[in-house]
>>> print(open('run-v6.cif').read())   # mmCIF, C-alpha atoms and all ligand atoms
data_final
#
loop_
_atom_site.group_PDB
_atom_site.id
_atom_site.type_symbol
_atom_site.label_atom_id
_atom_site.label_comp_id
_atom_site.auth_asym_id
_atom_site.auth_seq_id
_atom_site.Cartn_x
_atom_site.Cartn_y
_atom_site.Cartn_z
ATOM 1 C CA MET Z 1 -3.026 82.874 21.341
ATOM 2 C CA GLU Z 2 -3.767 82.636 25.051
ATOM 3 C CA LYS Z 3 -4.792 79.783 27.287
ATOM 4 C CA ILE Z 4 -8.586 79.295 27.035
ATOM 5 C CA SER Z 5 -10.659 80.828 29.836
ATOM 6 C CA ALA Z 6 -12.108 78.523 32.509
ATOM 7 C CA GLU Z 7 -15.582 79.697 31.476
ATOM 8 C CA ILE Z 8 -15.188 78.466 27.883
ATOM 9 C CA TYR Z 9 -13.295 75.315 28.869
ATOM 10 C CA ARG Z 10 -16.217 74.338 31.143
ATOM 11 C CA LYS Z 11 -18.407 74.026 28.026
ATOM 12 C CA ILE Z 12 -16.422 71.226 26.355
ATOM 13 C CA ASP Z 13 -17.322 67.642 27.209
ATOM 14 C CA ASN Z 14 -13.958 65.925 27.603
ATOM 15 C CA GLU Z 15 -15.615 63.516 30.072
ATOM 16 C CA ILE Z 16 -17.098 61.588 27.162
ATOM 17 C CA TYR Z 17 -13.730 59.871 26.692
ATOM 18 C CA ASN Z 18 -14.105 58.288 30.145
ATOM 19 C CA ALA Z 19 -17.558 56.897 29.336
ATOM 20 C CA GLY Z 20 -16.389 53.271 29.290
ATOM 21 C CA GLY Z 21 -17.906 50.590 27.054
ATOM 22 C CA ASP Z 22 -16.629 50.464 23.541
ATOM 23 C CA ILE Z 23 -16.794 54.164 22.707
ATOM 24 C CA TRP Z 24 -13.775 53.904 20.404
ATOM 25 C CA TRP Z 25 -14.155 50.729 18.405
ATOM 26 C CA GLY Z 26 -17.889 49.881 18.702
ATOM 27 C CA LEU Z 27 -19.709 49.635 15.348
ATOM 28 C CA ASP Z 28 -22.305 52.191 16.408
ATOM 29 C CA SER Z 29 -19.972 54.667 18.063
ATOM 30 C CA VAL Z 30 -19.272 58.166 16.716
ATOM 31 C CA MET Z 31 -15.541 57.706 17.440
ATOM 32 C CA LEU Z 32 -15.408 54.901 14.869
ATOM 33 C CA LEU Z 33 -15.698 57.638 12.224
ATOM 34 C CA LEU Z 34 -12.140 58.630 13.166
ATOM 35 C CA LYS Z 35 -11.113 55.275 11.713
ATOM 36 C CA THR Z 36 -13.452 55.013 8.729
ATOM 37 C CA SER Z 37 -13.799 58.653 7.686
ATOM 38 C CA VAL Z 38 -10.874 60.630 9.085
ATOM 39 C CA ASN Z 39 -7.890 58.234 9.182
ATOM 40 C CA PRO Z 40 -7.705 57.604 5.423
ATOM 41 C CA CYS Z 41 -7.249 61.321 4.729
ATOM 42 C CA ARG Z 42 -4.895 62.286 7.556
ATOM 43 C CA VAL Z 43 -2.836 59.079 7.534
ATOM 44 C CA GLY Z 44 -2.500 59.347 3.749
ATOM 45 C CA TYR Z 45 -1.326 62.971 4.070
ATOM 46 C CA PHE Z 46 1.233 62.152 6.793
ATOM 47 C CA LYS Z 47 2.504 59.014 5.008
ATOM 48 C CA ASN Z 48 3.002 60.968 1.824
ATOM 49 C CA LEU Z 49 5.036 63.616 3.675
ATOM 50 C CA ILE Z 50 7.157 60.952 5.378
ATOM 51 C CA TYR Z 51 7.792 59.412 1.955
ATOM 52 C CA GLN Z 52 8.697 62.817 0.459
ATOM 53 C CA MET Z 53 11.098 63.441 3.373
ATOM 54 C CA LYS Z 54 12.716 60.079 2.518
ATOM 55 C CA ILE Z 55 12.330 58.927 6.120
ATOM 56 C CA ASN Z 56 12.196 55.245 7.005
ATOM 57 C CA PRO Z 57 10.004 54.980 10.142
ATOM 58 C CA GLU Z 58 11.637 51.682 11.196
ATOM 59 C CA GLY Z 59 13.522 52.279 14.438
ATOM 60 C CA LYS Z 60 12.279 55.877 14.794
ATOM 61 C CA THR Z 61 10.256 56.897 17.852
ATOM 62 C CA ALA Z 62 6.790 58.450 17.557
ATOM 63 C CA LEU Z 63 4.456 59.830 20.214
ATOM 64 C CA GLU Z 64 0.742 60.479 19.746
ATOM 65 C CA VAL Z 65 -0.522 63.148 22.160
ATOM 66 C CA GLY Z 66 -4.216 62.636 23.031
ATOM 67 C CA CYS Z 67 -4.275 59.118 21.577
ATOM 68 C CA GLY Z 68 -7.727 58.214 22.935
ATOM 69 C CA GLY Z 69 -8.599 54.608 22.044
ATOM 70 C CA GLY Z 70 -5.639 54.240 19.690
ATOM 71 C CA ILE Z 71 -7.405 54.712 16.337
ATOM 72 C CA LEU Z 72 -4.542 56.802 14.931
ATOM 73 C CA THR Z 73 -1.855 55.288 17.184
ATOM 74 C CA GLU Z 74 -2.319 51.876 15.579
ATOM 75 C CA GLU Z 75 -1.749 53.338 12.113
ATOM 76 C CA ILE Z 76 1.422 55.054 13.362
ATOM 77 C CA SER Z 77 2.613 51.721 14.715
ATOM 78 C CA ARG Z 78 1.769 49.973 11.417
ATOM 79 C CA MET Z 79 3.957 52.515 9.585
ATOM 80 C CA GLY Z 80 6.876 50.987 11.494
ATOM 81 C CA PHE Z 81 7.504 53.570 14.241
ATOM 82 C CA ILE Z 82 8.357 52.573 17.826
ATOM 83 C CA THR Z 83 5.064 53.999 19.063
ATOM 84 C CA THR Z 84 3.844 55.589 22.301
ATOM 85 C CA GLY Z 85 0.389 57.035 22.972
ATOM 86 C CA VAL Z 86 -0.403 59.395 25.835
ATOM 87 C CA ASP Z 87 -3.837 60.548 27.017
ATOM 88 C CA PRO Z 88 -5.404 61.822 30.266
ATOM 89 C CA SER Z 89 -8.372 59.417 29.982
ATOM 90 C CA GLU Z 90 -7.743 56.103 31.743
ATOM 91 C CA GLY Z 91 -10.811 54.460 30.193
ATOM 92 C CA SER Z 92 -9.580 55.351 26.706
ATOM 93 C CA LEU Z 93 -6.081 54.052 27.444
ATOM 94 C CA GLN Z 94 -7.575 50.769 28.630
ATOM 95 C CA SER Z 95 -9.550 50.443 25.418
ATOM 96 C CA ALA Z 96 -6.444 51.337 23.372
ATOM 97 C CA ALA Z 97 -4.258 48.764 25.149
ATOM 98 C CA ASN Z 98 -6.891 46.019 24.769
ATOM 99 C CA HIS Z 99 -7.341 46.723 21.068
ATOM 100 C CA ALA Z 100 -3.589 46.838 20.371
ATOM 101 C CA ARG Z 101 -3.259 43.450 22.041
ATOM 102 C CA LEU Z 102 -6.028 42.025 19.823
ATOM 103 C CA GLU Z 103 -4.272 43.438 16.753
ATOM 104 C CA GLY Z 104 -0.893 42.071 17.847
ATOM 105 C CA LEU Z 105 0.640 45.555 17.924
ATOM 106 C CA SER Z 106 3.330 46.605 20.377
ATOM 107 C CA ILE Z 107 2.403 50.120 21.577
ATOM 108 C CA GLN Z 108 3.326 51.813 24.854
ATOM 109 C CA TYR Z 109 0.327 53.639 26.349
ATOM 110 C CA ASP Z 110 0.864 56.180 29.167
ATOM 111 C CA LYS Z 111 -1.398 58.435 31.188
ATOM 112 C CA GLY Z 112 -0.702 62.150 30.885
ATOM 113 C CA ALA Z 113 -1.941 65.472 29.573
ATOM 114 C CA GLY Z 114 -0.484 67.442 26.690
ATOM 115 C CA GLU Z 115 0.209 70.332 29.056
ATOM 116 C CA GLN Z 116 2.612 68.165 31.081
ATOM 117 C CA LEU Z 117 4.018 65.315 29.040
ATOM 118 C CA PRO Z 118 5.662 62.611 31.165
ATOM 119 C CA TYR Z 119 8.799 62.380 28.986
ATOM 120 C CA ALA Z 120 12.326 63.753 29.039
ATOM 121 C CA ASP Z 121 13.404 66.513 26.628
ATOM 122 C CA ALA Z 122 14.209 65.358 23.070
ATOM 123 C CA SER Z 123 12.665 61.877 23.485
ATOM 124 C CA PHE Z 124 10.904 61.487 20.124
ATOM 125 C CA ASP Z 125 11.664 61.718 16.402
ATOM 126 C CA PHE Z 126 7.988 62.375 15.608
ATOM 127 C CA VAL Z 127 4.992 63.727 17.509
ATOM 128 C CA PHE Z 128 1.434 63.394 16.203
ATOM 129 C CA CYS Z 129 -1.465 65.350 17.724
ATOM 130 C CA CYS Z 130 -4.768 64.954 15.859
ATOM 131 C CA ASP Z 131 -8.235 66.116 16.794
ATOM 132 C CA VAL Z 132 -6.868 67.132 20.201
ATOM 133 C CA LEU Z 133 -5.513 70.697 20.044
ATOM 134 C CA GLU Z 134 -9.082 72.074 19.997
ATOM 135 C CA HIS Z 135 -9.848 70.078 23.180
ATOM 136 C CA VAL Z 136 -7.130 71.408 25.493
ATOM 137 C CA MET Z 137 -7.316 74.244 27.978
ATOM 138 C CA ASP Z 138 -3.759 75.501 27.591
ATOM 139 C CA LEU Z 139 -2.825 75.286 23.899
ATOM 140 C CA PRO Z 140 0.409 77.346 24.236
ATOM 141 C CA LYS Z 141 1.619 74.936 26.953
ATOM 142 C CA VAL Z 142 0.737 71.879 24.845
ATOM 143 C CA ILE Z 143 2.702 73.210 21.854
ATOM 144 C CA ALA Z 144 5.629 74.062 24.178
ATOM 145 C CA GLU Z 145 5.564 70.539 25.591
ATOM 146 C CA ILE Z 146 5.415 68.934 22.146
ATOM 147 C CA SER Z 147 8.426 70.991 21.098
ATOM 148 C CA ARG Z 148 10.279 70.063 24.293
ATOM 149 C CA VAL Z 149 9.887 66.292 23.796
ATOM 150 C CA LEU Z 150 10.838 66.424 20.087
ATOM 151 C CA LYS Z 151 14.460 65.841 19.073
ATOM 152 C CA PRO Z 152 16.106 68.593 17.004
ATOM 153 C CA GLY Z 153 15.059 67.957 13.411
ATOM 154 C CA GLY Z 154 12.027 66.002 14.669
ATOM 155 C CA VAL Z 155 8.648 66.414 12.963
ATOM 156 C CA PHE Z 156 5.309 67.483 14.447
ATOM 157 C CA PHE Z 157 2.164 66.380 12.562
ATOM 158 C CA TYR Z 158 -1.268 67.716 13.539
ATOM 159 C CA ASP Z 159 -4.825 68.300 12.474
ATOM 160 C CA THR Z 160 -7.475 70.509 14.015
ATOM 161 C CA LEU Z 161 -10.604 72.608 13.388
ATOM 162 C CA ASN Z 162 -10.531 76.160 12.046
ATOM 163 C CA ARG Z 163 -12.498 78.988 13.763
ATOM 164 C CA THR Z 164 -14.579 80.419 10.904
ATOM 165 C CA PHE Z 165 -18.207 81.286 10.227
ATOM 166 C CA ILE Z 166 -18.460 78.122 8.101
ATOM 167 C CA SER Z 167 -17.024 75.896 10.845
ATOM 168 C CA LYS Z 168 -19.591 77.298 13.281
ATOM 169 C CA LEU Z 169 -22.390 76.429 10.859
ATOM 170 C CA VAL Z 170 -21.068 72.987 9.901
ATOM 171 C CA ALA Z 171 -19.029 71.623 12.835
ATOM 172 C CA ILE Z 172 -21.234 73.051 15.595
ATOM 173 C CA LYS Z 173 -24.740 73.559 14.208
ATOM 174 C CA ILE Z 174 -25.010 70.661 11.716
ATOM 175 C CA TRP Z 175 -22.676 68.132 13.328
ATOM 176 C CA GLN Z 176 -23.730 68.723 16.947
ATOM 177 C CA GLU Z 177 -26.786 70.893 17.499
ATOM 178 C CA TRP Z 178 -29.424 70.563 14.772
ATOM 179 C CA LYS Z 179 -31.101 67.255 15.614
ATOM 180 C CA ARG Z 180 -32.145 66.695 11.988
ATOM 181 C CA TRP Z 181 -28.540 65.878 11.084
ATOM 182 C CA ALA Z 182 -26.424 65.896 14.264
ATOM 183 C CA PHE Z 183 -24.091 62.917 14.578
ATOM 184 C CA MET Z 184 -21.891 64.148 17.428
ATOM 185 C CA PRO Z 185 -22.902 64.640 21.071
ATOM 186 C CA PRO Z 186 -23.498 68.268 22.116
ATOM 187 C CA ASN Z 187 -20.348 69.989 23.396
ATOM 188 C CA LEU Z 188 -17.967 67.434 21.901
ATOM 189 C CA HIS Z 189 -16.466 70.544 20.321
ATOM 190 C CA VAL Z 190 -16.719 74.187 21.381
ATOM 191 C CA TRP Z 191 -16.349 76.709 18.566
ATOM 192 C CA GLU Z 192 -14.421 79.245 20.630
ATOM 193 C CA MET Z 193 -11.705 76.590 21.130
ATOM 194 C CA PHE Z 194 -11.151 76.113 17.397
ATOM 195 C CA ILE Z 195 -7.800 77.387 16.116
ATOM 196 C CA LYS Z 196 -7.065 79.611 13.140
ATOM 197 C CA PRO Z 197 -4.089 78.520 11.011
ATOM 198 C CA GLU Z 198 -2.329 81.833 11.704
ATOM 199 C CA GLU Z 199 -2.687 81.260 15.468
ATOM 200 C CA ILE Z 200 -1.059 77.848 15.337
ATOM 201 C CA LYS Z 201 1.701 79.182 13.082
ATOM 202 C CA THR Z 202 2.497 81.857 15.673
ATOM 203 C CA LEU Z 203 2.595 79.315 18.498
ATOM 204 C CA LEU Z 204 4.855 77.007 16.504
ATOM 205 C CA ARG Z 205 7.264 79.849 15.761
ATOM 206 C CA GLN Z 206 7.315 80.924 19.419
ATOM 207 C CA ASN Z 207 8.269 77.380 20.425
ATOM 208 C CA GLY Z 208 11.148 76.683 18.059
ATOM 209 C CA LEU Z 209 9.093 74.760 15.501
ATOM 210 C CA GLU Z 210 9.436 75.736 11.866
ATOM 211 C CA TRP Z 211 5.987 75.604 10.227
ATOM 212 C CA LYS Z 212 6.043 73.883 6.832
ATOM 213 C CA ALA Z 213 2.547 73.446 5.379
ATOM 214 C CA HIS Z 214 -1.208 73.324 5.858
ATOM 215 C CA ARG Z 215 -3.749 71.360 3.857
ATOM 216 C CA GLY Z 216 -7.533 71.323 4.140
ATOM 217 C CA SER Z 217 -10.007 68.469 3.910
ATOM 218 C CA GLN Z 218 -13.624 68.129 2.786
ATOM 219 C CA PRO Z 219 -16.277 65.399 2.461
ATOM 220 C CA ASN Z 220 -16.001 62.927 -0.433
ATOM 221 C CA VAL Z 221 -19.596 63.755 -1.459
ATOM 222 C CA SER Z 222 -21.612 66.915 -2.127
ATOM 223 C CA ILE Z 223 -23.190 68.734 0.828
ATOM 224 C CA PRO Z 224 -26.805 67.745 -0.107
ATOM 225 C CA LYS Z 225 -25.733 64.095 -0.364
ATOM 226 C CA LEU Z 226 -23.899 64.270 2.956
ATOM 227 C CA LEU Z 227 -26.948 65.837 4.654
ATOM 228 C CA GLY Z 228 -29.016 62.936 3.303
ATOM 229 C CA TYR Z 229 -26.565 60.458 4.844
ATOM 230 C CA LEU Z 230 -26.581 62.298 8.173
ATOM 231 C CA ARG Z 231 -30.387 62.268 8.143
ATOM 232 C CA LYS Z 232 -30.421 58.481 7.701
ATOM 233 C CA ARG Z 233 -28.068 58.164 10.681
ATOM 234 C CA ALA Z 234 -30.128 60.577 12.790
ATOM 235 C CA LYS Z 235 -33.342 58.642 12.012
ATOM 236 C CA GLY Z 236 -31.684 55.387 13.064
ATOM 237 C CA GLU Z 237 -31.734 53.883 9.559
ATOM 238 C CA TRP Z 238 -27.926 53.815 9.506
ATOM 239 C CA THR Z 239 -25.355 53.027 12.191
ATOM 240 C CA TYR Z 240 -22.105 54.984 12.387
ATOM 241 C CA ALA Z 241 -20.476 52.038 10.613
ATOM 242 C CA ASP Z 242 -22.968 52.507 7.721
ATOM 243 C CA LEU Z 243 -22.232 56.235 7.648
ATOM 244 C CA GLY Z 244 -18.500 55.494 7.531
ATOM 245 C CA LYS Z 245 -18.992 53.290 4.449
ATOM 246 C CA HIS Z 246 -20.435 56.243 2.517
ATOM 247 C CA PHE Z 247 -18.740 59.347 3.913
ATOM 248 C CA TRP Z 248 -15.062 60.121 4.463
ATOM 249 C CA LEU Z 249 -12.739 63.095 4.179
ATOM 250 C CA VAL Z 250 -10.530 63.840 1.211
ATOM 251 C CA GLU Z 251 -7.670 66.330 0.901
ATOM 252 C CA SER Z 252 -8.682 69.752 -0.335
ATOM 253 C CA ASN Z 253 -7.536 73.365 -0.595
ATOM 254 C CA ASP Z 254 -10.499 74.333 1.586
ATOM 255 C CA MET Z 255 -9.312 74.939 5.163
ATOM 256 C CA ASN Z 256 -12.547 76.540 6.401
ATOM 257 C CA ILE Z 257 -13.447 73.611 8.640
ATOM 258 C CA LEU Z 258 -10.630 71.094 9.059
ATOM 259 C CA TYR Z 259 -6.941 71.355 8.287
ATOM 260 C CA MET Z 260 -3.784 69.320 8.777
ATOM 261 C CA GLY Z 261 -0.189 70.413 8.826
ATOM 262 C CA TYR Z 262 3.353 69.858 9.991
ATOM 263 C CA ALA Z 263 6.361 71.615 11.469
ATOM 264 C CA VAL Z 264 10.010 70.737 12.104
ATOM 265 C CA LYS Z 265 11.858 71.256 15.395
ATOM 266 C CA LYS Z 266 14.851 73.548 14.905
HETATM 267 C C1 LIG Z 301 -11.396 63.292 19.557
HETATM 268 S S1 LIG Z 301 -10.294 62.439 20.558
HETATM 269 C C2 LIG Z 301 -8.952 62.149 19.445
HETATM 270 C C3 LIG Z 301 -8.294 60.813 19.646
HETATM 271 C C4 LIG Z 301 -7.154 60.483 18.669
HETATM 272 N N1 LIG Z 301 -6.158 61.507 18.653
HETATM 273 C C5 LIG Z 301 -7.666 60.264 17.260
HETATM 274 O O1 LIG Z 301 -7.692 61.232 16.497
HETATM 275 O O2 LIG Z 301 -8.071 59.151 16.941
HETATM 276 C C6 LIG Z 301 -9.645 63.663 21.657
HETATM 277 C C7 LIG Z 301 -8.715 63.087 22.708
HETATM 278 O O3 LIG Z 301 -8.044 64.177 23.361
HETATM 279 C C8 LIG Z 301 -7.849 63.808 24.699
HETATM 280 N N2 LIG Z 301 -7.548 65.006 25.491
HETATM 281 C C9 LIG Z 301 -8.391 65.890 26.068
HETATM 282 N N3 LIG Z 301 -7.712 66.837 26.747
HETATM 283 C C10 LIG Z 301 -6.396 66.545 26.573
HETATM 284 C C11 LIG Z 301 -5.177 67.143 27.035
HETATM 285 N N4 LIG Z 301 -5.194 68.239 27.785
HETATM 286 N N5 LIG Z 301 -4.023 66.568 26.682
HETATM 287 C C12 LIG Z 301 -3.990 65.459 25.911
HETATM 288 N N6 LIG Z 301 -5.113 64.849 25.454
HETATM 289 C C13 LIG Z 301 -6.292 65.388 25.782
HETATM 290 C C14 LIG Z 301 -9.135 63.091 25.080
HETATM 291 O O4 LIG Z 301 -9.019 62.305 26.244
HETATM 292 C C15 LIG Z 301 -9.400 62.291 23.805
HETATM 293 O O5 LIG Z 301 -8.837 61.012 23.885
#
>>> encode(input="run-v6.cif", output="structure tokens", more="lines below")
Ligand SMILES: C[S@@+](CC[C@H](N)C(=O)[O-])C[C@H]1O[C@@H](n2cnc3c(N)ncnc32)[C@H](O)[C@@H]1O
Amino acid sequence: MEKISAEIYRKIDNEIYNAGGDIWWGLDSVMLLLKTSVNPCRVGYFKNLIYQMKINPEGKTALEVGCGGGILTEEISRMGFITTGVDPSEGSLQSAANHARLEGLSIQYDKGAGEQLPYADASFDFVFCCDVLEHVMDLPKVIAEISRVLKPGGVFFYDTLNRTFISKLVAIKIWQEWKRWAFMPPNLHVWEMFIKPEEIKTLLRQNGLEWKAHRGSQPNVSIPKLLGYLRKRAKGEWTYADLGKHFWLVESNDMNILYMGYAVKK
């Protein structure tokens, strides 16, 4: 897989993360769904793998690439890792640092892009990169950088969006474009930047990372029920916090839209 063209990259709205205000933790912010509806599934999956690998996170170092406001970073820290988050958005880092302070968590937040991580080779035991790989211009460089900063034997955990007909219909049309249900701003995601599992497997292999597994996720409720919930949110009857109380992701064999996975540095 190649670096994304400038023409396609221009379409994605990565500026939203600099919007200021409480875009990450506010009760009526779309990003809050990362906590209420996405974290339980992905954190559960990663924790289970860590348990199966018989790894005690205490004293181990973990980096989250593209940490945003710290919604996943805080869970990594709570697992016991010595935790660092890195992101290009200063506004998001500010929000992350403020929230960590309120929660009494000790997390190092640094400014930087995945394409050029500000860390020495072999700095981390674990790297997490969730809901970020489909936002970057140079995916091959980001994977190369993640591999570079991982120690030999270190583990890379990720999740991302698959590039399929179904993901175009659901993640672009329903989630972003069709006003009847849309709950994400337009251009939060760009379909052409989604990544097929085979593409990420190739990039991992090319960068000295041994791919181990992929797992899909799907809504906890049926599609008609979910559309009903999204309609309530779109009409203003529900906040994002209300939506998050009814809808969340669960693990599934279906990788048509979202999938998670991990690889080990050789
Ligand atoms: C949807 S948010 C995900 C935040 C966090 N990982 C989570 O899942 O809670 C995407 C994040 O990717 C960041 N991002 C965009 N381009 C990036 C790049 N080239 N390298 C690293 N992070 C990037 C954005 O600033 C934003 O914080």
>>> closest_residue(input="run-v6.cif", among="Z:Glu64, Z:Asp131, Z:Glu58, Z:Asp159", to="Met79 in chain Z", atoms="only C-alpha atoms")
Z:Glu58
>>> resolve_selection(input="run-v6.cif", expression="the PyMOL selection byres (((not hetatm)) within 6 of (chain Z and resi 301))", output="list of chain:residue names")
Z:Asn14, Z:Tyr17, Z:Leu34, Z:Val65, Z:Gly66, Z:Cys67, Z:Gly68, Z:Ile71, Z:Leu72, Z:Asp87, Z:Pro88, Z:Ser89, Z:Ala113, Z:Gly114, Z:Glu115, Z:Cys130, Z:Asp131, Z:Val132, Z:His135, Z:Val136
>>> closest_residue(input="run-v6.cif", among="Z:Trp211, Z:Trp175, Z:Phe194, Z:Trp25", to="Ala100 in chain Z", atoms="only C-alpha atoms")
Z:Trp25
>>> closest_residue(input="run-v6.cif", among="Z:Leu93, Z:Ile174, Z:Leu102, Z:Ala182", to="Asn18 in chain Z", atoms="all atoms listed in the file")
Z:Leu93
>>> closest_residue(input="run-v6.cif", among="Z:Ile195, Z:Val221, Z:Val190, Z:Ala263", to="Ser37 in chain Z", atoms="all atoms listed in the file")
Z:Val221
>>> atom_distance(input="run-v6.cif", atom1="CA of Glu145 in chain Z", atom2="CA of Phe124 in chain Z")
11.8 Å
>>> closest_atom_pairs(input="run-v6.cif", of="range 70-172 of chain Z", to="range 183-187 of chain Z", cutoff="12 Å", atoms="all atoms listed in the file", output="JSON lines")
{"residue": "Z:Glu134", "atom": "CA", "partner": "Z:Asn187", "partner_atom": "CA", "distance": 12.0}
{"residue": "Z:His135", "atom": "CA", "partner": "Z:Asn187", "partner_atom": "CA", "distance": 10.5}
{"residue": "Z:Val170", "atom": "CA", "partner": "Z:Phe183", "partner_atom": "CA", "distance": 11.5}
{"residue": "Z:Ala171", "atom": "CA", "partner": "Z:Met184", "partner_atom": "CA", "distance": 9.2}
{"residue": "Z:Ile172", "atom": "CA", "partner": "Z:Pro186", "partner_atom": "CA", "distance": 8.4}
>>> resolve_selection(input="run-v6.cif", expression="the PyMOL selection byres (((chain Z and resi 258) around 12) and not hetatm)", output="CSV table (one decimal) with C-alpha atoms, in the frame of the given file")
chain,number,residue,atom,x,y,z
Z,38,VAL,CA,-10.9,60.6,9.1
Z,41,CYS,CA,-7.2,61.3,4.7
Z,42,ARG,CA,-4.9,62.3,7.6
Z,130,CYS,CA,-4.8,65.0,15.9
Z,131,ASP,CA,-8.2,66.1,16.8
Z,134,GLU,CA,-9.1,72.1,20.0
Z,158,TYR,CA,-1.3,67.7,13.5
Z,159,ASP,CA,-4.8,68.3,12.5
Z,160,THR,CA,-7.5,70.5,14.0
Z,161,LEU,CA,-10.6,72.6,13.4
Z,162,ASN,CA,-10.5,76.2,12.0
Z,163,ARG,CA,-12.5,79.0,13.8
Z,164,THR,CA,-14.6,80.4,10.9
Z,166,ILE,CA,-18.5,78.1,8.1
Z,167,SER,CA,-17.0,75.9,10.8
Z,168,LYS,CA,-19.6,77.3,13.3
Z,170,VAL,CA,-21.1,73.0,9.9
Z,171,ALA,CA,-19.0,71.6,12.8
Z,194,PHE,CA,-11.2,76.1,17.4
Z,195,ILE,CA,-7.8,77.4,16.1
Z,196,LYS,CA,-7.1,79.6,13.1
Z,197,PRO,CA,-4.1,78.5,11.0
Z,214,HIS,CA,-1.2,73.3,5.9
Z,215,ARG,CA,-3.7,71.4,3.9
Z,216,GLY,CA,-7.5,71.3,4.1
Z,217,SER,CA,-10.0,68.5,3.9
Z,218,GLN,CA,-13.6,68.1,2.8
Z,219,PRO,CA,-16.3,65.4,2.5
Z,249,LEU,CA,-12.7,63.1,4.2
Z,250,VAL,CA,-10.5,63.8,1.2
Z,251,GLU,CA,-7.7,66.3,0.9
Z,252,SER,CA,-8.7,69.8,-0.3
Z,253,ASN,CA,-7.5,73.4,-0.6
Z,254,ASP,CA,-10.5,74.3,1.6
Z,255,MET,CA,-9.3,74.9,5.2
Z,256,ASN,CA,-12.5,76.5,6.4
Z,257,ILE,CA,-13.4,73.6,8.6
Z,259,TYR,CA,-6.9,71.4,8.3
Z,260,MET,CA,-3.8,69.3,8.8
Z,261,GLY,CA,-0.2,70.4,8.8
>>> resolve_selection(input="run-v6.cif", expression="the PyMOL selection byres (((chain Z and resi 126) around 6) and not hetatm)", output="number ranges by chain")
Z: 62, 124-125, 127, 154-156
>>> atom_distance(input="run-v6.cif", atom1="CA of Tyr240 in chain Z", atom2="CA of Asp28 in chain Z")
4.9 Å
